[in-house]
Amino acid sequence: MKIVQVQTQAEAAGAQRISDMVGEGLRARGHDVRTVFMYRKTDAFDADPYADFILTQSPRGLPGQIRATIGLTTYLRKARPDAVITYQHYGNIFGTIGARLAGVRKIIANQSGSPHTKGVMGVLSQIDRLMGLIGLYRTNVVNSAWTEAQFNHYPQAYRRRLRRIDHGVAAPPEDFDKAAARASFGLPQNAWLAVSSGRLTQAKNQIALVGALDQLPDIHVAIAGVGPERDTLVAFAKSRDVADRLHLVGEVPPSRIFEFLAAGDIYAFPSLNETFGLACVEAAISGLPVVANDLAVMREVLAAEDGETAAIFVDDGATGMAKGLADLMAGPEIMARLSAAGRRLSDKYAPARMCAGYEALLLS
């Protein structure tokens with residue numbers, strides 16, 4: 001089959017990692033797959049031979065969104081795919097509209113967020129609800145049991161299109177040396193190091209990790225990612241006199257994420273809301289013991305098939321994060337148990353299992 005994946009923005013983030021794996025897996029099965037981004041946000045996909053871009057920067061206002069939709073429709077009409085797979089709220093909306101205007105009928109949407117009721121996200125949820133009710137896309141993929149349950153109150157006409165395919169999560173391609181990894185990212189060699197990864201946003205709650213530094217004088221924190229909260233994190237660290245122990249390494253491309261994780265002793269995940277938590281599962285599979293915000297979905301996805309969990313769960317504030325980190329630093333046996341459970345997640349979230357699920361939908 002000829003397949004086009006529609007993503008919102010090009011950057012090194014979780015949803016983009018998923019479409020990377022889906023594209024790679026489907027190509028390995030003989031399909032022709034390209035990913036088109038509505039706009040280029042960073043250079044993360046500039047060298048990707050299977051990536052295309054509609055706009056070089058974020059669309060501004062209604063005129064920009066109209067231009068993006070027209071551009072995507074034109075792209076899809078030229079590509080003439082047999083199917084379109086869409087990702088994220090905007091990708092689902094633009095991708096579905098563009099695919100329909102281009103005459104594509106086999107459309108698979110991904111619900112990478114739970115329904116919202118307020119603000120812009122509430123409007124997007126209502127648009128998605130309408131599209132699902134009238135059948136503008138054929139199938140609607142959710143990535144966890146928790147996410148699927150968030151749509152229980154939706155009408156049956158919407159829910160009958162839901163299909164659960166857990167995210168695939170790649171295992172490290174090799175064993176990285178910790179000292180070399182720390183040197184590569186300019187991180188301290190002889191210190192306890194908690195690492196974290198994700199967009200620097202309020203929802204990811206990295207400020208709790210900076211607050212934890214204020215309570216743990218013997219630990220450093222390194223965060224991979226870019227985003228609007230960077231200056232806030234730096235200012236807060238300076239105000240607490242912990243800036244020398246906070247290391248913001250910027251955007252780390254997917255090809256180097258496991259090298260970055262190898263630099264850490266512990267992975268910290270204070271995110272306030274998730275539907276899967278790909279970055280956290282990725283860290284657990286790499287063998288890092290995890291301290292995570294106590295979200296129901298994280299308890300689900302971080303449990304190995306034998307029931308053992310790869311994390312300890314804490315309150316989302318600085319005190320909760322500090323306690324979790326301190327407990328692990330003082331308990332090597334706990335760290336070893338969590339690490340072993342995390343590595344066992346590689347079978348549960350094998351990318352091949354995810355790709356087989358998508359192929360079955362495409363061929364049905």
# chains A, B, ... in the order shown; residues from 1 in each chain; ligands from 1
$ residues_around --residues "region 166-176 of chain A" --least-positions-apart "5" --cutoff "8 Å" --atoms "only C-alpha atoms" --output "CSV table (one decimal) with N, CA and C atoms, in the first residue's frame"
chain,number,residue,atom,x,y,z
A,18,ILE,N,6.6,7.9,17.4
A,18,ILE,CA,5.7,6.8,17.1
A,18,ILE,C,5.5,6.7,15.6
A,21,MET,N,8.4,5.0,14.0
A,21,MET,CA,8.4,3.5,14.1
A,21,MET,C,7.4,2.9,13.3
A,142,VAL,N,-6.5,4.3,20.0
A,142,VAL,CA,-6.0,4.8,21.3
A,142,VAL,C,-4.9,3.9,21.8
A,143,ASN,N,-4.0,4.5,22.7
A,143,ASN,CA,-2.8,3.8,22.9
A,143,ASN,C,-2.6,3.2,24.3
A,144,SER,N,-3.7,3.2,25.1
A,144,SER,CA,-3.7,2.5,26.4
A,144,SER,C,-5.1,2.3,26.9
A,181,ALA,N,28.9,8.7,27.8
A,181,ALA,CA,27.7,9.4,27.6
A,181,ALA,C,27.6,10.7,28.3
A,258,PHE,N,19.0,7.2,23.5
A,258,PHE,CA,19.4,6.2,24.4
A,258,PHE,C,20.8,6.5,25.0
A,259,GLU,N,21.6,7.2,24.2
A,259,GLU,CA,22.9,7.6,24.7
A,259,GLU,C,22.7,8.6,25.8
A,262,ALA,N,21.6,6.8,29.0
A,262,ALA,CA,22.7,6.0,29.6
A,262,ALA,C,23.5,6.9,30.5
A,276,PHE,N,0.1,8.0,27.5
A,276,PHE,CA,0.9,6.8,27.5
A,276,PHE,C,2.3,7.1,28.2
A,278,LEU,N,5.4,8.0,26.5
A,278,LEU,CA,6.4,7.2,25.7
A,278,LEU,C,7.9,7.5,26.2
A,281,VAL,N,8.5,5.3,29.3
A,281,VAL,CA,8.6,3.9,29.0
A,281,VAL,C,9.9,3.6,28.3
A,282,GLU,N,10.4,4.5,27.5
A,282,GLU,CA,11.6,4.4,26.8
A,282,GLU,C,12.8,4.3,27.8
A,285,ILE,N,12.7,0.9,29.7
A,285,ILE,CA,13.2,-0.2,28.8
A,285,ILE,C,14.7,-0.1,28.7
A,286,SER,N,15.3,1.1,28.8
A,286,SER,CA,16.8,1.2,28.8
A,286,SER,C,17.4,0.8,30.1
A,346,SER,N,10.2,-4.4,27.2
A,346,SER,CA,10.5,-4.4,25.8
A,346,SER,C,9.7,-5.4,25.0
A,349,TYR,N,6.0,-3.9,24.7
A,349,TYR,CA,5.8,-2.8,23.8
A,349,TYR,C,6.7,-2.9,22.5
A,350,ALA,N,6.9,-4.1,22.1
A,350,ALA,CA,7.7,-4.4,20.9
A,350,ALA,C,7.2,-3.6,19.7
A,351,PRO,N,8.0,-2.8,19.0
A,351,PRO,CA,7.5,-2.0,17.8
A,351,PRO,C,6.8,-2.9,16.8
A,352,ALA,N,7.3,-4.1,16.6
A,352,ALA,CA,6.8,-5.0,15.6
A,352,ALA,C,5.3,-5.3,15.9
A,353,ARG,N,5.0,-5.4,17.2
A,353,ARG,CA,3.6,-5.7,17.6
A,353,ARG,C,2.7,-4.5,17.3
A,354,MET,N,3.2,-3.3,17.5
A,354,MET,CA,2.4,-2.1,17.2
A,354,MET,C,2.2,-2.0,15.6
A,355,CYS,N,3.3,-2.2,14.9
A,355,CYS,CA,3.2,-2.1,13.4
A,355,CYS,C,2.3,-3.2,12.8
$ residues_around --residues "region 287-291 of chain A" --least-positions-apart "5" --cutoff "7 Å" --atoms "only C-alpha atoms" --output "number ranges by chain"
A: 265-269, 310-313, 324-325, 335, 338-340, 342-343
$ write_last_selection --atoms "C-alpha atoms" --output "tab-separated table (two decimals), in the first residue's frame"
chain	number	residue	atom	x	y	z
A	265	ASP	CA	21.31	6.96	37.33
A	266	ILE	CA	17.55	7.57	37.67
A	267	TYR	CA	14.81	8.78	35.33
A	268	ALA	CA	12.39	11.39	36.68
A	269	PHE	CA	8.96	11.95	35.11
A	310	ALA	CA	9.29	-0.24	36.73
A	311	ALA	CA	8.69	2.85	38.85
A	312	ILE	CA	7.90	4.29	42.23
A	313	PHE	CA	5.03	6.77	42.12
A	324	GLY	CA	11.22	9.55	45.34
A	325	LEU	CA	14.72	10.39	44.18
A	335	MET	CA	16.76	0.41	41.87
A	338	LEU	CA	12.79	-1.45	39.01
A	339	SER	CA	15.50	-1.66	36.39
A	340	ALA	CA	14.83	-5.36	35.76
A	342	GLY	CA	11.67	-1.92	33.04
A	343	ARG	CA	13.79	-4.03	30.72
$ select_by_dssp --residues "region 200-309 of chain A" --states "strand (DSSP E or B)" --output "list of chain:residue names"
A:Ile219, A:His220, A:Val221, A:Ala222, A:Ile223, A:Ala224, A:Leu246, A:His247, A:Leu248, A:Val249, A:Gly250, A:Ile266, A:Tyr267, A:Ala268, A:Phe269, A:Val290, A:Val291, A:Ala292, A:Asn293, A:Ala303, A:Thr309
$ closest_residue --among "A:Phe53, A:Pro188, A:Thr232, A:Lys2" --to "His31 (chain A)" --atoms "only C-alpha atoms"
A:Lys2
$ select_by_dssp --residues "region 4-242 of chain A" --states "helix (DSSP H, G or I)" --output "PyMOL selection string"
chain A and resi 14-28+61-79+89-101+119-134+145-149+156-159+178-184+207-215+230-239
$ closest_residue --among "A:Ala292, A:Tyr154, A:Asp241, A:Thr35" --to "Thr309 (chain A)" --atoms "only C-alpha atoms"
A:Ala292
$ residues_around --residues "region 81-90 of chain A" --least-positions-apart "4" --cutoff "10 Å" --atoms "only C-alpha atoms" --output "ChimeraX atom specification"
/A:1-9,15-16,18-19,22,32-36,38,76-77,94-96,98-100,102-113,121,124-125,127-128,137,139-141,358,362-363
$ write_last_selection --atoms "N, CA and C atoms" --output "compact mmCIF listing (two decimals), in the first residue's frame"
# COMPACT_ATOMS: atom_id res chain seq x y z
N MET A 1 0.82 -1.20 0.00
CA MET A 1 0.00 0.00 0.00
C MET A 1 0.86 1.25 0.00
N LYS A 2 0.31 2.32 -0.55
CA LYS A 2 0.95 3.63 -0.47
C LYS A 2 0.28 4.39 0.67
N ILE A 3 1.07 4.79 1.66
CA ILE A 3 0.54 5.37 2.89
C ILE A 3 1.22 6.70 3.17
N VAL A 4 0.45 7.70 3.57
CA VAL A 4 0.99 8.97 4.03
C VAL A 4 0.58 9.17 5.49
N GLN A 5 1.56 9.48 6.32
CA GLN A 5 1.29 9.83 7.72
C GLN A 5 1.30 11.36 7.83
N VAL A 6 0.31 11.91 8.54
CA VAL A 6 0.21 13.35 8.71
C VAL A 6 0.49 13.70 10.16
N GLN A 7 1.55 14.49 10.38
CA GLN A 7 1.91 14.97 11.70
C GLN A 7 1.72 16.49 11.75
N THR A 8 1.55 17.02 12.95
CA THR A 8 1.38 18.46 13.08
C THR A 8 2.70 19.18 12.85
N GLN A 9 3.67 19.01 13.77
CA GLN A 9 4.93 19.74 13.68
C GLN A 9 6.12 18.80 13.68
N ALA A 15 5.04 11.85 19.83
CA ALA A 15 4.16 11.46 18.72
C ALA A 15 4.97 11.24 17.44
N GLN A 16 6.00 12.04 17.26
CA GLN A 16 6.85 11.90 16.08
C GLN A 16 7.66 10.60 16.13
N ILE A 18 6.58 7.87 17.42
CA ILE A 18 5.65 6.80 17.07
C ILE A 18 5.49 6.71 15.55
N SER A 19 5.28 7.83 14.88
CA SER A 19 5.12 7.76 13.43
C SER A 19 6.41 7.29 12.76
N VAL A 22 6.20 3.50 13.18
CA VAL A 22 5.16 2.95 12.32
C VAL A 22 5.62 2.97 10.86
N ASP A 32 4.84 1.45 0.99
CA ASP A 32 5.46 2.74 0.64
C ASP A 32 4.90 3.78 1.61
N VAL A 33 5.74 4.29 2.51
CA VAL A 33 5.25 5.19 3.58
C VAL A 33 6.10 6.46 3.62
N ARG A 34 5.41 7.60 3.61
CA ARG A 34 6.06 8.89 3.84
C ARG A 34 5.30 9.61 4.96
N THR A 35 6.00 10.51 5.63
CA THR A 35 5.39 11.33 6.68
C THR A 35 5.46 12.79 6.27
N VAL A 36 4.32 13.46 6.29
CA VAL A 36 4.29 14.87 5.96
C VAL A 36 3.93 15.66 7.21
N MET A 38 2.82 19.28 8.98
CA MET A 38 2.15 20.53 8.62
C MET A 38 3.12 21.70 8.64
N LEU A 76 -1.53 15.66 -0.93
CA LEU A 76 -2.18 14.35 -0.94
C LEU A 76 -2.75 14.01 -2.32
N ARG A 77 -3.23 15.00 -3.03
CA ARG A 77 -3.74 14.76 -4.38
C ARG A 77 -2.61 14.31 -5.30
N PHE A 94 -6.57 18.44 10.34
CA PHE A 94 -6.06 18.81 9.02
C PHE A 94 -5.92 17.58 8.12
N GLY A 95 -5.39 16.50 8.71
CA GLY A 95 -5.16 15.30 7.92
C GLY A 95 -6.44 14.69 7.39
N THR A 96 -7.48 14.66 8.24
CA THR A 96 -8.76 14.10 7.81
C THR A 96 -9.41 14.96 6.74
N GLY A 98 -7.90 17.16 4.74
CA GLY A 98 -7.08 17.09 3.54
C GLY A 98 -7.25 15.78 2.80
N ALA A 99 -7.30 14.67 3.54
CA ALA A 99 -7.46 13.35 2.91
C ALA A 99 -8.81 13.25 2.21
N ARG A 100 -9.86 13.73 2.88
CA ARG A 100 -11.20 13.67 2.26
C ARG A 100 -11.25 14.51 0.99
N ALA A 102 -8.86 15.16 -0.89
CA ALA A 102 -8.02 14.52 -1.91
C ALA A 102 -8.59 13.19 -2.38
N GLY A 103 -9.73 12.80 -1.82
CA GLY A 103 -10.39 11.58 -2.26
C GLY A 103 -9.95 10.31 -1.55
N VAL A 104 -9.19 10.45 -0.45
CA VAL A 104 -8.76 9.28 0.31
C VAL A 104 -9.87 8.91 1.30
N ARG A 105 -10.23 7.65 1.36
CA ARG A 105 -11.30 7.23 2.25
C ARG A 105 -10.81 6.38 3.43
N LYS A 106 -9.66 5.75 3.28
CA LYS A 106 -9.13 4.93 4.38
C LYS A 106 -8.26 5.82 5.25
N ILE A 107 -8.84 6.32 6.34
CA ILE A 107 -8.16 7.27 7.23
C ILE A 107 -8.14 6.69 8.64
N ILE A 108 -6.97 6.64 9.23
CA ILE A 108 -6.80 6.16 10.60
C ILE A 108 -6.28 7.32 11.45
N ALA A 109 -7.06 7.71 12.45
CA ALA A 109 -6.69 8.80 13.35
C ALA A 109 -6.11 8.23 14.64
N ASN A 110 -5.26 9.01 15.29
CA ASN A 110 -4.68 8.63 16.58
C ASN A 110 -5.12 9.60 17.66
N GLN A 111 -5.62 9.07 18.77
CA GLN A 111 -5.99 9.91 19.90
C GLN A 111 -4.80 9.98 20.87
N SER A 112 -3.98 10.99 20.68
CA SER A 112 -2.80 11.15 21.54
C SER A 112 -3.10 12.00 22.76
N GLY A 113 -4.35 12.36 22.97
CA GLY A 113 -4.76 13.12 24.15
C GLY A 113 -6.17 12.74 24.54
N MET A 121 -8.30 23.54 23.25
CA MET A 121 -8.30 22.08 23.22
C MET A 121 -9.73 21.53 23.32
N LEU A 124 -11.11 21.70 19.85
CA LEU A 124 -10.55 20.62 19.03
C LEU A 124 -11.20 19.28 19.37
N SER A 125 -11.46 19.05 20.66
CA SER A 125 -12.13 17.81 21.06
C SER A 125 -13.53 17.71 20.49
N ILE A 127 -14.53 19.12 17.69
CA ILE A 127 -14.39 18.85 16.26
C ILE A 127 -14.09 17.37 16.04
N ASP A 128 -13.20 16.83 16.87
CA ASP A 128 -12.86 15.41 16.76
C ASP A 128 -14.09 14.55 17.02
N TYR A 137 -13.27 9.65 9.55
CA TYR A 137 -12.18 8.70 9.50
C TYR A 137 -12.71 7.32 9.82
N THR A 139 -11.06 4.64 11.34
CA THR A 139 -10.65 4.04 12.61
C THR A 139 -9.99 5.08 13.48
N ASN A 140 -10.14 4.93 14.79
CA ASN A 140 -9.65 5.87 15.77
C ASN A 140 -8.81 5.09 16.78
N VAL A 141 -7.50 5.24 16.76
CA VAL A 141 -6.60 4.43 17.57
C VAL A 141 -6.33 5.09 18.92
N TYR A 358 -1.24 -1.84 13.15
CA TYR A 358 -1.59 -0.84 12.13
C TYR A 358 -1.79 -1.51 10.76
N LEU A 362 -5.00 -1.36 8.18
CA LEU A 362 -4.87 -0.87 6.82
C LEU A 362 -5.38 -1.88 5.81
N LEU A 363 -5.18 -3.15 6.10
CA LEU A 363 -5.55 -4.18 5.15
C LEU A 363 -6.98 -4.66 5.30
$ closest_residue --among "A:Arg230, A:Lys118, A:Arg199, A:His220" --to "Leu246 (chain A)" --atoms "only C-alpha atoms"
A:His220
$ residues_around --residues "Arg160 (chain A)" --least-positions-apart "3" --cutoff "12 Å" --atoms "only C-alpha atoms" --output "PDB file with N, CA and C atoms, in the first residue's frame"
ATOM      1  N   GLY A 132     -15.670  11.883  14.375  1.00  0.00           N
ATOM      2  CA  GLY A 132     -15.856  10.475  14.691  1.00  0.00           C
ATOM      3  C   GLY A 132     -17.298  10.033  14.569  1.00  0.00           C
ATOM      4  N   LEU A 133     -18.217  10.897  14.961  1.00  0.00           N
ATOM      5  CA  LEU A 133     -19.643  10.547  14.910  1.00  0.00           C
ATOM      6  C   LEU A 133     -20.141  10.338  13.477  1.00  0.00           C
ATOM      7  N   ILE A 134     -19.683  11.205  12.561  1.00  0.00           N
ATOM      8  CA  ILE A 134     -20.183  11.110  11.193  1.00  0.00           C
ATOM      9  C   ILE A 134     -19.301  10.234  10.316  1.00  0.00           C
ATOM     10  N   GLY A 135     -18.208   9.714  10.899  1.00  0.00           N
ATOM     11  CA  GLY A 135     -17.397   8.745  10.173  1.00  0.00           C
ATOM     12  C   GLY A 135     -16.449   9.330   9.149  1.00  0.00           C
ATOM     13  N   TYR A 137     -13.273   9.654   9.550  1.00  0.00           N
ATOM     14  CA  TYR A 137     -12.175   8.701   9.504  1.00  0.00           C
ATOM     15  C   TYR A 137     -12.715   7.318   9.820  1.00  0.00           C
ATOM     16  N   ARG A 138     -12.033   6.314   9.266  1.00  0.00           N
ATOM     17  CA  ARG A 138     -12.522   4.945   9.409  1.00  0.00           C
ATOM     18  C   ARG A 138     -12.270   4.399  10.809  1.00  0.00           C
ATOM     19  N   THR A 139     -11.063   4.641  11.343  1.00  0.00           N
ATOM     20  CA  THR A 139     -10.653   4.042  12.608  1.00  0.00           C
ATOM     21  C   THR A 139      -9.994   5.083  13.479  1.00  0.00           C
ATOM     22  N   ASN A 140     -10.141   4.927  14.788  1.00  0.00           N
ATOM     23  CA  ASN A 140      -9.647   5.869  15.773  1.00  0.00           C
ATOM     24  C   ASN A 140      -8.807   5.086  16.784  1.00  0.00           C
ATOM     25  N   VAL A 141      -7.495   5.241  16.758  1.00  0.00           N
ATOM     26  CA  VAL A 141      -6.603   4.426  17.570  1.00  0.00           C
ATOM     27  C   VAL A 141      -6.334   5.090  18.920  1.00  0.00           C
ATOM     28  N   GLU A 148      -8.485   4.763  26.379  1.00  0.00           N
ATOM     29  CA  GLU A 148      -9.740   4.249  25.831  1.00  0.00           C
ATOM     30  C   GLU A 148     -10.911   4.550  26.763  1.00  0.00           C
ATOM     31  N   PHE A 151     -13.099   7.854  26.755  1.00  0.00           N
ATOM     32  CA  PHE A 151     -14.153   8.062  25.757  1.00  0.00           C
ATOM     33  C   PHE A 151     -15.406   7.245  26.077  1.00  0.00           C
ATOM     34  N   ASN A 152     -15.474   6.687  27.285  1.00  0.00           N
ATOM     35  CA  ASN A 152     -16.622   5.842  27.643  1.00  0.00           C
ATOM     36  C   ASN A 152     -17.949   6.594  27.603  1.00  0.00           C
ATOM     37  N   TYR A 154     -18.692   8.903  25.455  1.00  0.00           N
ATOM     38  CA  TYR A 154     -19.006   9.324  24.090  1.00  0.00           C
ATOM     39  C   TYR A 154     -20.095   8.418  23.503  1.00  0.00           C
ATOM     40  N   PRO A 155     -20.828   8.897  22.501  1.00  0.00           N
ATOM     41  CA  PRO A 155     -21.862   8.070  21.860  1.00  0.00           C
ATOM     42  C   PRO A 155     -21.268   6.817  21.223  1.00  0.00           C
ATOM     43  N   GLN A 156     -22.097   5.789  21.104  1.00  0.00           N
ATOM     44  CA  GLN A 156     -21.673   4.531  20.520  1.00  0.00           C
ATOM     45  C   GLN A 156     -21.175   4.713  19.087  1.00  0.00           C
ATOM     46  N   ALA A 157     -21.766   5.652  18.365  1.00  0.00           N
ATOM     47  CA  ALA A 157     -21.345   5.893  16.981  1.00  0.00           C
ATOM     48  C   ALA A 157     -19.890   6.315  16.905  1.00  0.00           C
ATOM     49  N   ARG A 163     -10.060   1.609  18.324  1.00  0.00           N
ATOM     50  CA  ARG A 163      -9.260   0.406  18.360  1.00  0.00           C
ATOM     51  C   ARG A 163      -8.025   0.680  19.216  1.00  0.00           C
ATOM     52  N   ARG A 164      -7.708  -0.246  20.089  1.00  0.00           N
ATOM     53  CA  ARG A 164      -6.543  -0.038  20.954  1.00  0.00           C
ATOM     54  C   ARG A 164      -5.303  -0.692  20.354  1.00  0.00           C
TER      55      ARG A 164
END
